[in-house]
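What follows is the content of my_file-v7.pdb, which has PDB, C-alpha atoms, pLDDT in the B column:
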ATOM      1  CA  MET P 837     135.414  85.204 102.961  1.00 62.00           C
ATOM      2  CA  ASN P 838     134.623  84.416 106.590  1.00 74.00           C
ATOM      3  CA  LYS P 839     135.014  80.693 107.412  1.00 72.00           C
ATOM      4  CA  LYS P 840     131.874  80.737 109.587  1.00 68.00           C
ATOM      5  CA  LEU P 841     129.836  82.221 106.740  1.00 62.00           C
ATOM      6  CA  VAL P 842     131.134  79.616 104.287  1.00 55.00           C
ATOM      7  CA  GLY P 843     130.332  76.848 106.797  1.00 57.00           C
ATOM      8  CA  ALA P 844     126.815  78.204 107.344  1.00 54.00           C
ATOM      9  CA  LEU P 845     126.194  78.459 103.598  1.00 55.00           C
ATOM     10  CA  ALA P 846     127.439  74.899 103.091  1.00 53.00           C
ATOM     11  CA  LEU P 847     125.041  73.673 105.807  1.00 60.00           C
ATOM     12  CA  VAL P 848     122.089  75.498 104.242  1.00 53.00           C
ATOM     13  CA  LEU P 849     122.959  74.102 100.817  1.00 59.00           C
ATOM     14  CA  ALA P 850     123.328  70.559 102.184  1.00 53.00           C
ATOM     15  CA  GLY P 851     119.987  70.854 103.982  1.00 57.00           C
ATOM     16  CA  ALA P 852     118.270  72.073 100.811  1.00 49.00           C
ATOM     17  CA  LEU P 853     119.764  69.218  98.795  1.00 50.00           C
ATOM     18  CA  VAL P 854     118.578  66.634 101.309  1.00 50.00           C
ATOM     19  CA  TYR P 855     115.103  68.145 101.485  1.00 50.00           C
ATOM     20  CA  TYR P 856     114.521  68.469  97.733  1.00 48.00           C
ATOM     21  CA  ASN P 857     116.143  65.153  96.803  1.00 50.00           C
ATOM     22  CA  PHE P 858     114.735  62.924  99.520  1.00 50.00           C
ATOM     23  CA  ILE P 859     112.122  64.414 101.845  1.00 50.00           C
ATOM     24  CA  ASP P 860     110.107  66.334  99.232  1.00 47.00           C
ATOM     25  CA  LYS P 861     110.011  63.353  96.826  1.00 46.00           C
ATOM     26  CA  GLN P 862     107.079  61.575  98.502  1.00 49.00           C
ATOM     27  CA  THR P 863     104.560  60.557  95.865  1.00 47.00           C
ATOM     28  CA  PRO P 864     101.033  61.682  96.799  1.00 49.00           C
ATOM     29  CA  GLY P 865      98.615  58.945  97.818  1.00 50.00           C
ATOM     30  CA  VAL P 866     101.154  56.348  98.894  1.00 79.00           C
ATOM     31  CA  GLU P 867     101.435  56.965 102.599  1.00 89.00           C
ATOM     32  CA  VAL P 868     100.398  54.551 105.331  1.00 93.00           C
ATOM     33  CA  GLY P 869      96.651  54.887 105.793  1.00 93.00           C
ATOM     34  CA  ASP P 870      95.962  55.806 102.156  1.00 92.00           C
ATOM     35  CA  LYS P 871      94.268  53.614  99.576  1.00 93.00           C
ATOM     36  CA  SER P 872      96.945  51.836  97.583  1.00 94.00           C
ATOM     37  CA  PRO P 873      97.433  52.687  93.930  1.00 92.00           C
ATOM     38  CA  ASP P 874      96.639  49.801  91.616  1.00 92.00           C
ATOM     39  CA  PHE P 875      99.271  48.115  89.475  1.00 91.00           C
ATOM     40  CA  THR P 876      99.646  45.187  87.119  1.00 89.00           C
ATOM     41  CA  VAL P 877     102.896  43.299  86.546  1.00 90.00           C
ATOM     42  CA  ALA P 878     103.981  40.325  84.472  1.00 87.00           C
ATOM     43  CA  THR P 879     104.839  37.194  86.449  1.00 89.00           C
ATOM     44  CA  MET P 880     107.709  34.752  86.354  1.00 85.00           C
ATOM     45  CA  ALA P 881     107.504  31.146  87.460  1.00 81.00           C
ATOM     46  CA  ALA P 882     109.483  27.947  87.507  1.00 78.00           C
ATOM     47  CA  ASP P 883     109.028  25.533  84.668  1.00 75.00           C
ATOM     48  CA  GLY P 884     110.737  22.557  86.255  1.00 72.00           C
ATOM     49  CA  GLU P 885     113.962  24.025  87.611  1.00 71.00           C
ATOM     50  CA  THR P 886     114.149  26.901  85.116  1.00 75.00           C
ATOM     51  CA  PHE P 887     112.486  30.274  85.551  1.00 75.00           C
ATOM     52  CA  ALA P 888     110.666  31.945  82.682  1.00 79.00           C
ATOM     53  CA  MET P 889     108.135  34.703  82.085  1.00 82.00           C
ATOM     54  CA  THR P 890     104.528  33.517  82.105  1.00 86.00           C
ATOM     55  CA  ASP P 891     101.412  34.725  80.291  1.00 89.00           C
ATOM     56  CA  VAL P 892      99.833  35.490  83.665  1.00 90.00           C
ATOM     57  CA  GLU P 893      99.674  39.018  85.043  1.00 91.00           C
ATOM     58  CA  TYR P 894      99.304  39.962  88.695  1.00 92.00           C
ATOM     59  CA  ASN P 895      96.921  42.834  89.459  1.00 92.00           C
ATOM     60  CA  LEU P 896      96.844  44.255  92.980  1.00 92.00           C
ATOM     61  CA  TYR P 897      93.152  45.207  92.848  1.00 90.00           C
ATOM     62  CA  GLY P 898      92.290  41.878  91.260  1.00 87.00           C
ATOM     63  CA  ASN P 899      93.355  40.238  94.514  1.00 74.00           C
ATOM     64  CA  THR P 900      91.356  42.105  97.127  1.00 78.00           C
ATOM     65  CA  GLY P 901      89.980  40.313 100.148  1.00 87.00           C
ATOM     66  CA  LYS P 902      93.366  39.248 101.499  1.00 93.00           C
ATOM     67  CA  VAL P 903      96.394  40.913 102.987  1.00 96.00           C
ATOM     68  CA  ARG P 904      99.092  41.485 100.364  1.00 97.00           C
ATOM     69  CA  VAL P 905     102.811  41.883 101.015  1.00 97.00           C
ATOM     70  CA  ILE P 906     104.601  43.527  98.090  1.00 96.00           C
ATOM     71  CA  ASN P 907     108.395  43.322  98.214  1.00 96.00           C
ATOM     72  CA  PHE P 908     110.453  45.312  95.709  1.00 92.00           C
ATOM     73  CA  TRP P 909     113.857  43.817  95.021  1.00 89.00           C
ATOM     74  CA  ALA P 910     116.640  43.989  92.443  1.00 85.00           C
ATOM     75  CA  THR P 911     119.250  41.507  91.279  1.00 81.00           C
ATOM     76  CA  TRP P 912     122.051  43.935  92.172  1.00 81.00           C
ATOM     77  CA  CYS P 913     120.770  44.489  95.750  1.00 84.00           C
ATOM     78  CA  ALA P 914     122.492  42.219  98.281  1.00 85.00           C
ATOM     79  CA  ALA P 915     119.999  43.012 101.082  1.00 90.00           C
ATOM     80  CA  CYS P 916     117.108  42.215  98.711  1.00 87.00           C
ATOM     81  CA  LYS P 917     118.492  38.809  97.801  1.00 83.00           C
ATOM     82  CA  HIS P 918     119.280  38.068 101.440  1.00 87.00           C
ATOM     83  CA  GLU P 919     115.710  38.709 102.609  1.00 92.00           C
ATOM     84  CA  LEU P 920     113.865  36.774  99.856  1.00 90.00           C
ATOM     85  CA  PRO P 921     114.175  33.389 101.653  1.00 90.00           C
ATOM     86  CA  ASP P 922     112.479  34.954 104.729  1.00 94.00           C
ATOM     87  CA  PHE P 923     109.649  36.242 102.529  1.00 95.00           C
ATOM     88  CA  ASP P 924     109.299  32.744 101.071  1.00 92.00           C
ATOM     89  CA  LYS P 925     109.282  31.183 104.548  1.00 94.00           C
ATOM     90  CA  PHE P 926     106.543  33.660 105.517  1.00 97.00           C
ATOM     91  CA  ALA P 927     104.513  32.877 102.360  1.00 95.00           C
ATOM     92  CA  LYS P 928     104.661  29.158 103.164  1.00 95.00           C
ATOM     93  CA  ALA P 929     103.734  29.663 106.834  1.00 96.00           C
ATOM     94  CA  TYR P 930     100.807  32.011 106.074  1.00 96.00           C
ATOM     95  CA  PRO P 931      99.179  30.869 102.805  1.00 94.00           C
ATOM     96  CA  ASP P 932      96.209  33.215 103.361  1.00 93.00           C
ATOM     97  CA  VAL P 933      98.570  36.162 102.837  1.00 96.00           C
ATOM     98  CA  GLU P 934      99.588  36.910  99.277  1.00 95.00           C
ATOM     99  CA  VAL P 935     103.320  37.622  99.009  1.00 96.00           C
ATOM    100  CA  ILE P 936     104.645  39.040  95.752  1.00 95.00           C
ATOM    101  CA  ALA P 937     108.309  39.828  95.055  1.00 92.00           C
ATOM    102  CA  VAL P 938     108.435  42.474  92.328  1.00 92.00           C
ATOM    103  CA  CYS P 939     111.623  43.115  90.358  1.00 87.00           C
ATOM    104  CA  GLY P 940     112.132  45.755  87.735  1.00 73.00           C
ATOM    105  CA  ALA P 941     115.018  48.042  88.473  1.00 55.00           C
ATOM    106  CA  SER P 942     117.482  45.441  87.211  1.00 51.00           C
ATOM    107  CA  GLY P 943     116.643  46.037  83.581  1.00 56.00           C
ATOM    108  CA  ALA P 944     115.209  43.901  80.866  1.00 63.00           C
ATOM    109  CA  GLU P 945     113.310  40.749  81.732  1.00 65.00           C
ATOM    110  CA  ASP P 946     115.911  38.531  80.027  1.00 67.00           C
ATOM    111  CA  ILE P 947     118.563  39.871  82.436  1.00 69.00           C
ATOM    112  CA  VAL P 948     116.366  39.060  85.449  1.00 74.00           C
ATOM    113  CA  ILE P 949     115.469  35.600  84.112  1.00 71.00           C
ATOM    114  CA  SER P 950     119.123  34.886  83.340  1.00 72.00           C
ATOM    115  CA  TRP P 951     120.089  35.915  86.873  1.00 69.00           C
ATOM    116  CA  MET P 952     117.365  33.761  88.432  1.00 72.00           C
ATOM    117  CA  ASN P 953     118.491  30.745  86.416  1.00 71.00           C
ATOM    118  CA  ASN P 954     122.175  31.183  87.317  1.00 72.00           C
ATOM    119  CA  GLU P 955     123.092  28.301  89.624  1.00 68.00           C
ATOM    120  CA  LYS P 956     125.882  30.351  91.226  1.00 67.00           C
ATOM    121  CA  GLN P 957     123.470  32.886  92.763  1.00 62.00           C
ATOM    122  CA  ASP P 958     122.959  32.582  96.527  1.00 52.00           C
ATOM    123  CA  ALA P 959     119.175  32.564  96.330  1.00 49.00           C
ATOM    124  CA  GLN P 960     119.273  30.049  93.474  1.00 48.00           C
ATOM    125  CA  LYS P 961     121.093  27.674  95.828  1.00 50.00           C
ATOM    126  CA  ASN P 962     118.005  27.984  98.047  1.00 51.00           C
ATOM    127  CA  GLY P 963     115.902  26.683  95.165  1.00 62.00           C
ATOM    128  CA  TRP P 964     113.896  29.402  93.392  1.00 64.00           C
ATOM    129  CA  SER P 965     111.667  26.722  91.919  1.00 65.00           C
ATOM    130  CA  ASP P 966     110.578  25.737  95.436  1.00 72.00           C
ATOM    131  CA  PHE P 967     109.670  29.293  96.447  1.00 78.00           C
ATOM    132  CA  SER P 968     106.003  30.030  97.205  1.00 82.00           C
ATOM    133  CA  LEU P 969     106.344  33.707  96.352  1.00 87.00           C
ATOM    134  CA  ILE P 970     104.644  35.213  93.354  1.00 89.00           C
ATOM    135  CA  PHE P 971     107.487  36.692  91.297  1.00 88.00           C
ATOM    136  CA  GLY P 972     106.474  39.832  89.439  1.00 89.00           C
ATOM    137  CA  PHE P 973     108.335  41.931  86.906  1.00 86.00           C
ATOM    138  CA  TYR P 974     107.757  45.430  85.581  1.00 84.00           C
ATOM    139  CA  ASP P 975     109.512  47.077  82.670  1.00 71.00           C
ATOM    140  CA  GLU P 976     110.760  50.589  83.453  1.00 67.00           C
ATOM    141  CA  SER P 977     111.424  51.208  79.758  1.00 60.00           C
ATOM    142  CA  LYS P 978     107.648  51.027  79.196  1.00 59.00           C
ATOM    143  CA  ASP P 979     106.988  53.787  81.759  1.00 58.00           C
ATOM    144  CA  GLN P 980     105.782  51.170  84.210  1.00 66.00           C
ATOM    145  CA  ASN P 981     107.687  52.057  87.376  1.00 79.00           C
ATOM    146  CA  VAL P 982     105.622  50.221  89.969  1.00 85.00           C
ATOM    147  CA  TYR P 983     108.275  50.934  92.619  1.00 84.00           C
ATOM    148  CA  GLU P 984     107.683  54.680  92.322  1.00 85.00           C
ATOM    149  CA  THR P 985     103.905  54.229  91.981  1.00 85.00           C
ATOM    150  CA  MET P 986     103.935  52.498  95.373  1.00 89.00           C
ATOM    151  CA  GLY P 987     105.997  55.282  96.961  1.00 86.00           C
ATOM    152  CA  GLY P 988     109.547  54.050  96.405  1.00 84.00           C
ATOM    153  CA  GLN P 989     112.024  56.861  96.433  1.00 81.00           C
ATOM    154  CA  SER P 990     115.610  55.703  96.501  1.00 77.00           C
ATOM    155  CA  MET P 991     116.290  52.687  98.692  1.00 82.00           C
ATOM    156  CA  TRP P 992     116.108  48.962  98.034  1.00 85.00           C
ATOM    157  CA  PRO P 993     114.576  46.725  99.218  1.00 93.00           C
ATOM    158  CA  MET P 994     111.145  48.193  99.860  1.00 94.00           C
ATOM    159  CA  THR P 995     108.114  46.441 101.288  1.00 96.00           C
ATOM    160  CA  VAL P 996     104.512  47.627 101.228  1.00 96.00           C
ATOM    161  CA  VAL P 997     101.725  45.818 103.093  1.00 97.00           C
ATOM    162  CA  VAL P 998      98.172  46.347 101.856  1.00 96.00           C
ATOM    163  CA  ASP P 999      95.202  45.101 103.872  1.00 96.00           C
ATOM    164  CA  GLU P1000      92.204  43.226 102.465  1.00 93.00           C
ATOM    165  CA  ASN P1001      90.440  46.535 101.716  1.00 93.00           C
ATOM    166  CA  GLY P1002      93.328  48.065  99.761  1.00 93.00           C
ATOM    167  CA  THR P1003      94.656  50.324 102.511  1.00 95.00           C
ATOM    168  CA  ILE P1004      98.415  50.682 102.896  1.00 96.00           C
ATOM    169  CA  CYS P1005      99.247  49.508 106.430  1.00 96.00           C
ATOM    170  CA  TYR P1006     103.041  49.482 106.189  1.00 96.00           C
ATOM    171  CA  SER P1007     105.633  50.921 103.830  1.00 95.00           C
ATOM    172  CA  ALA P1008     109.387  51.104 104.347  1.00 93.00           C
ATOM    173  CA  GLU P1009     112.569  50.999 102.334  1.00 92.00           C
ATOM    174  CA  VAL P1010     114.407  48.563 104.586  1.00 93.00           C
ATOM    175  CA  ALA P1011     115.307  44.863 104.671  1.00 94.00           C
ATOM    176  CA  LEU P1012     112.936  42.708 106.725  1.00 97.00           C
ATOM    177  CA  THR P1013     113.247  39.350 108.463  1.00 97.00           C
ATOM    178  CA  TYR P1014     110.661  36.624 108.931  1.00 97.00           C
ATOM    179  CA  GLU P1015     110.050  37.918 112.462  1.00 98.00           C
ATOM    180  CA  ASP P1016     109.618  41.475 111.173  1.00 97.00           C
ATOM    181  CA  LEU P1017     106.990  40.245 108.718  1.00 97.00           C
ATOM    182  CA  GLN P1018     105.145  38.420 111.480  1.00 98.00           C
ATOM    183  CA  GLY P1019     105.094  41.578 113.613  1.00 97.00           C
ATOM    184  CA  ILE P1020     103.774  43.678 110.733  1.00 97.00           C
ATOM    185  CA  VAL P1021     101.273  41.310 109.124  1.00 97.00           C
ATOM    186  CA  LEU P1022      99.856  39.067 111.868  1.00 97.00           C
ATOM    187  CA  PRO P1023      97.979  41.893 113.650  1.00 96.00           C
ATOM    188  CA  LEU P1024      96.166  42.548 110.330  1.00 95.00           C
ATOM    189  CA  LEU P1025      94.982  38.932 110.240  1.00 93.00           C
ATOM    190  CA  GLU P1026      93.450  39.206 113.704  1.00 85.00           C
ATOM    191  CA  THR P1027      90.996  41.965 112.743  1.00 68.00           C
TER     192      THR P1027
END

Write the structure described by the file as structure tokens, please.
Amino acid sequence: MNKKLVGALALVLAGALVYYNFIDKQTPGVEVGDKSPDFTVATMAADGETFAMTDVEYNLYGNTGKVRVINFWATWCAACKHELPDFDKFAKAYPDVEVIAVCGASGAEDIVISWMNNEKQDAQKNGWSDFSLIFGFYDESKDQNVYETMGGQSMWPMTVVVDENGTICYSAEVALTYEDLQGIVLPLLET
């Protein structure tokens, strides 16, 4: 077979794979400018210096009237764990903005709680119990994939910013810094 033909076929196949596995996976209704889908997640909080699940649930639509920053992270994601202190710093600096860090891709809640209570974890050294973030958890085994509901496709971390009216103003699967958050969120507070 002609080498040029094989090369061309390989390129077409690679392009089709990229398109159907990444580009064409966008969930309808979760683009910037659209009304955000609603979701409810369980929350985790510090009880002294130990984290545990709470009886409180966080509902996105139950918290309208303020800008909400939703960060999706996982215990196995180094970039996720690295950015959480910046999200906490932002939450402390701007208490009128609700910042929720939602975990779920790591598996069962006991695995996440165990990880959060492990003193050897980098973020734990920063003092989870002092964080001002709302920590949320969803259980994928219960068909509750909030990450996908909010437009997540394949990359971690992911951050979605929803304005006070429920409109998605920012969505990206990329790690953010404190300065990035300021650039994204502060213009929404000025309106």

Would you mind listing, for every residue of range 865-945 of chain P within 12 Å of range 988-1003 of chain P, the two atoms forming the shortest contact and the distance between them in Å to one decimal, using only C-alpha atoms, sorted by chain and ascending residue number, as a tab-separated table?
residue	atom	partner	partner_atom	distance
P:Gly865	CA	P:Thr1003	CA	10.6
P:Val866	CA	P:Gly988	CA	9.1
P:Glu867	CA	P:Thr1003	CA	9.5
P:Val868	CA	P:Thr1003	CA	7.7
P:Gly869	CA	P:Thr1003	CA	6.0
P:Asp870	CA	P:Thr1003	CA	5.6
P:Lys871	CA	P:Thr1003	CA	4.4
P:Ser872	CA	P:Thr1003	CA	5.6
P:Pro873	CA	P:Gly1002	CA	8.5
P:Asp874	CA	P:Gly1002	CA	9.0
P:Phe875	CA	P:Gly1002	CA	11.9
P:Leu896	CA	P:Gly1002	CA	8.5
P:Tyr897	CA	P:Gly1002	CA	7.5
P:Gly898	CA	P:Gly1002	CA	10.6
P:Asn899	CA	P:Glu1000	CA	8.6
P:Thr900	CA	P:Glu1000	CA	5.5
P:Gly901	CA	P:Glu1000	CA	4.3
P:Lys902	CA	P:Glu1000	CA	4.3
P:Val903	CA	P:Asp999	CA	4.4
P:Arg904	CA	P:Val998	CA	5.2
P:Val905	CA	P:Val997	CA	4.6
P:Ile906	CA	P:Val996	CA	5.2
P:Asn907	CA	P:Thr995	CA	4.4
P:Phe908	CA	P:Met994	CA	5.1
P:Trp909	CA	P:Pro993	CA	5.2
P:Ala910	CA	P:Trp992	CA	7.5
P:Thr911	CA	P:Trp992	CA	10.5
P:Trp912	CA	P:Trp992	CA	9.7
P:Cys913	CA	P:Trp992	CA	6.9
P:Ala914	CA	P:Pro993	CA	9.2
P:Ala915	CA	P:Pro993	CA	6.8
P:Cys916	CA	P:Pro993	CA	5.2
P:Lys917	CA	P:Pro993	CA	8.9
P:His918	CA	P:Pro993	CA	10.1
P:Glu919	CA	P:Pro993	CA	8.8
P:Leu920	CA	P:Pro993	CA	10.0
P:Phe923	CA	P:Thr995	CA	10.4
P:Asp932	CA	P:Glu1000	CA	10.8
P:Val933	CA	P:Glu1000	CA	9.5
P:Glu934	CA	P:Val998	CA	9.9
P:Val935	CA	P:Val997	CA	9.3
P:Ile936	CA	P:Thr995	CA	9.9
P:Ala937	CA	P:Thr995	CA	9.1
P:Val938	CA	P:Thr995	CA	9.8
P:Cys939	CA	P:Pro993	CA	10.0
P:Gly940	CA	P:Trp992	CA	11.5
P:Ala941	CA	P:Trp992	CA	9.7
P:Ser942	CA	P:Trp992	CA	11.5

Checklist outcome for this item: With distances taken over only C-alpha atoms, the candidate from P:Thr1013, P:Glu885, P:Phe967, P:Tyr930 nearest Asn954 in chain P is P:Glu885

Checklist entry - Suppose you want the space between CA of Glu1009 in chain P and CA of Asp891 in chain P; what is it in Å? => result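 Taking CA of Glu1009 in chain P and CA of Asp891 in chain P, their separation equals 29.6 Å.
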
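Interatomic distance, CA of Ile1020 in chain P to CA of Cys1005 in chain P: 8.5 Å.
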
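Distances to Asp924 in chain P were evaluated for P:Ile970, P:Ala1008, P:Leu1025, P:Met986 using all atoms listed in the file, and the minimum falls at P:Ile970.
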
Checklist entry - Rounded to one decimal in Å, what is the spacing between CA of Asp1016 in chain P and CA of Val892 in chain P? => result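 So the answer is 29.8 Å.
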
Next on the checklist: as a PyMOL selection string, please: the residues near Met889 in chain P (cut-off 9 Å, all atoms listed in the file, same-chain neighbours under 2 positions excluded).
Outcome noted: chain P and resi 878-882+887+891-892+945-946+949+973

Which centre and edge lengths in Å to one decimal define the box along x, y and z that fits every listed atom of range 996-1009 of chain P plus 3 Å per side, as JSON?
{"center_x": 101.5, "center_y": 47.2, "center_z": 103.1, "size_x": 28.1, "size_y": 13.9, "size_z": 12.7}
